[in-house]
>>> print(open('entry.txt').read())   # compact mmCIF, C-alpha atoms
# COMPACT_ATOMS: atom_id res chain seq x y z
CA MET A 114 -35.68 124.30 157.61
CA LYS A 115 -34.81 123.77 153.95
CA HIS A 116 -36.87 121.98 151.34
CA VAL A 117 -35.39 119.55 148.85
CA ASN A 118 -37.15 118.01 145.89
CA LEU A 119 -36.02 114.42 145.56
CA ARG A 120 -36.90 112.22 142.62
CA LEU A 121 -36.81 108.51 143.34
CA PRO A 122 -37.38 105.63 140.95
CA ASP A 123 -40.74 103.99 141.62
CA ASP A 124 -39.21 100.83 143.06
CA LEU A 125 -36.95 102.74 145.46
CA HIS A 126 -39.81 104.98 146.57
CA GLU A 127 -41.92 101.93 147.35
CA LYS A 128 -39.10 100.32 149.37
CA ALA A 129 -38.42 103.55 151.27
CA ARG A 130 -42.11 104.02 151.99
CA ASP A 131 -42.36 100.45 153.27
CA ALA A 132 -39.26 100.92 155.46
CA ALA A 133 -40.70 104.14 156.89
CA GLU A 134 -44.00 102.45 157.63
CA ALA A 135 -42.21 99.54 159.34
CA ASP A 136 -40.35 102.11 161.46
CA ASP A 137 -43.68 103.86 162.26
CA ARG A 138 -42.47 107.11 160.64
CA SER A 139 -43.54 109.29 157.78
CA LEU A 140 -41.44 108.91 154.65
CA ASN A 141 -40.01 112.38 155.22
CA SER A 142 -39.06 111.64 158.83
CA TRP A 143 -37.49 108.32 157.80
CA LEU A 144 -35.45 109.97 155.03
CA VAL A 145 -34.21 112.66 157.44
CA ALA A 146 -33.07 109.93 159.87
CA VAL A 147 -31.29 108.00 157.09
CA VAL A 148 -29.46 111.11 155.85
CA ARG A 149 -28.58 112.11 159.42
CA ARG A 150 -27.05 108.67 160.13
CA ALA A 151 -25.08 108.79 156.87
CA VAL A 152 -23.69 112.24 157.63
CA GLN A 153 -22.80 111.33 161.22
CA ALA A 154 -21.05 108.13 160.07
CA ASP A 155 -18.99 110.15 157.61
CA GLU A 156 -17.92 112.49 160.43
CA GLU A 157 -16.48 109.67 162.57
CA PRO A 158 -12.69 109.19 162.63
CA ASN A 159 -11.37 107.20 159.66
CA GLY A 160 -14.87 107.26 158.14
CA ALA A 161 -15.81 104.28 160.32
CA ARG A 162 -19.43 103.31 159.94
CA ARG A 163 -21.63 102.11 162.76
>>> encode(input="entry.txt", output="structure tokens")
Amino acid sequence: MKHVNLRLPDDLHEKARDAAEADDRSLNSWLVAVVRRAVQADEEPNGARR
């Protein structure tokens, strides 16, 4: 597993934290899921997004 330091503006951090809490996840787990979905969507034919 790799570590990444990510700097977020305060307002974006707050929104991400709230979204993670609403999804009953830690902020880290929520960010991993968001990045995973973005990468998988980019791998679909014609760049089609879900």
>>> atom_distance(input="entry.txt", atom1="atom CA of A:Ala151", atom2="atom CA of A:Ala129")
15.4 Å
>>> atom_distance(input="entry.txt", atom1="atom CA of A:Val148", atom2="atom CA of A:Val117")
12.5 Å
>>> residues_around(input="entry.txt", residues="stretch 137-145 of chain A", least_positions_apart="6", cutoff="12 Å", atoms="only C-alpha atoms", output="JSON, numbers by chain")
{"A": [114, 115, 116, 117, 118, 119, 121, 125, 126, 127, 128, 129, 130, 131, 151, 152]}
>>> decode(input="entry.txt", residues="stretch 133-150 of chain A", atoms="N, CA and C atoms", output="tab-separated table (two decimals), in the first residue's frame")
chain	number	residue	atom	x	y	z
A	133	ALA	N	-18.19	11.45	3.29
A	133	ALA	CA	-17.71	10.19	3.85
A	133	ALA	C	-18.57	9.77	5.04
A	134	GLU	N	-18.89	10.71	5.88
A	134	GLU	CA	-19.71	10.41	7.05
A	134	GLU	C	-21.11	9.95	6.61
A	135	ALA	N	-21.67	10.60	5.60
A	135	ALA	CA	-22.99	10.21	5.10
A	135	ALA	C	-22.96	8.81	4.49
A	136	ASP	N	-21.80	8.41	3.99
A	136	ASP	CA	-21.62	7.08	3.39
A	136	ASP	C	-21.13	6.06	4.43
A	137	ASP	N	-21.06	6.50	5.69
A	137	ASP	CA	-20.62	5.65	6.81
A	137	ASP	C	-19.22	5.07	6.56
A	138	ARG	N	-18.32	5.93	6.06
A	138	ARG	CA	-16.93	5.54	5.79
A	138	ARG	C	-15.99	6.55	6.43
A	139	SER	N	-14.76	6.12	6.60
A	139	SER	CA	-13.72	7.08	6.98
A	139	SER	C	-13.44	7.95	5.76
A	140	LEU	N	-12.85	9.09	5.98
A	140	LEU	CA	-12.49	9.96	4.86
A	140	LEU	C	-11.54	9.24	3.92
A	141	ASN	N	-10.57	8.53	4.46
A	141	ASN	CA	-9.62	7.80	3.63
A	141	ASN	C	-10.32	6.75	2.77
A	142	SER	N	-11.20	5.96	3.38
A	142	SER	CA	-11.92	4.93	2.64
A	142	SER	C	-12.79	5.55	1.56
A	143	TRP	N	-13.43	6.66	1.86
A	143	TRP	CA	-14.28	7.34	0.89
A	143	TRP	C	-13.46	7.85	-0.28
A	144	LEU	N	-12.30	8.46	0.01
A	144	LEU	CA	-11.43	8.97	-1.06
A	144	LEU	C	-10.92	7.83	-1.95
A	145	VAL	N	-10.56	6.70	-1.35
A	145	VAL	CA	-10.12	5.54	-2.14
A	145	VAL	C	-11.24	5.11	-3.08
A	146	ALA	N	-12.47	5.04	-2.60
A	146	ALA	CA	-13.61	4.64	-3.43
A	146	ALA	C	-13.84	5.63	-4.57
A	147	VAL	N	-13.73	6.91	-4.29
A	147	VAL	CA	-13.92	7.94	-5.33
A	147	VAL	C	-12.85	7.83	-6.41
A	148	VAL	N	-11.60	7.67	-6.00
A	148	VAL	CA	-10.51	7.54	-6.97
A	148	VAL	C	-10.68	6.25	-7.78
A	149	ARG	N	-11.06	5.16	-7.10
A	149	ARG	CA	-11.25	3.88	-7.79
A	149	ARG	C	-12.33	4.01	-8.86
A	150	ARG	N	-13.46	4.64	-8.52
A	150	ARG	CA	-14.54	4.82	-9.51
A	150	ARG	C	-14.06	5.68	-10.68
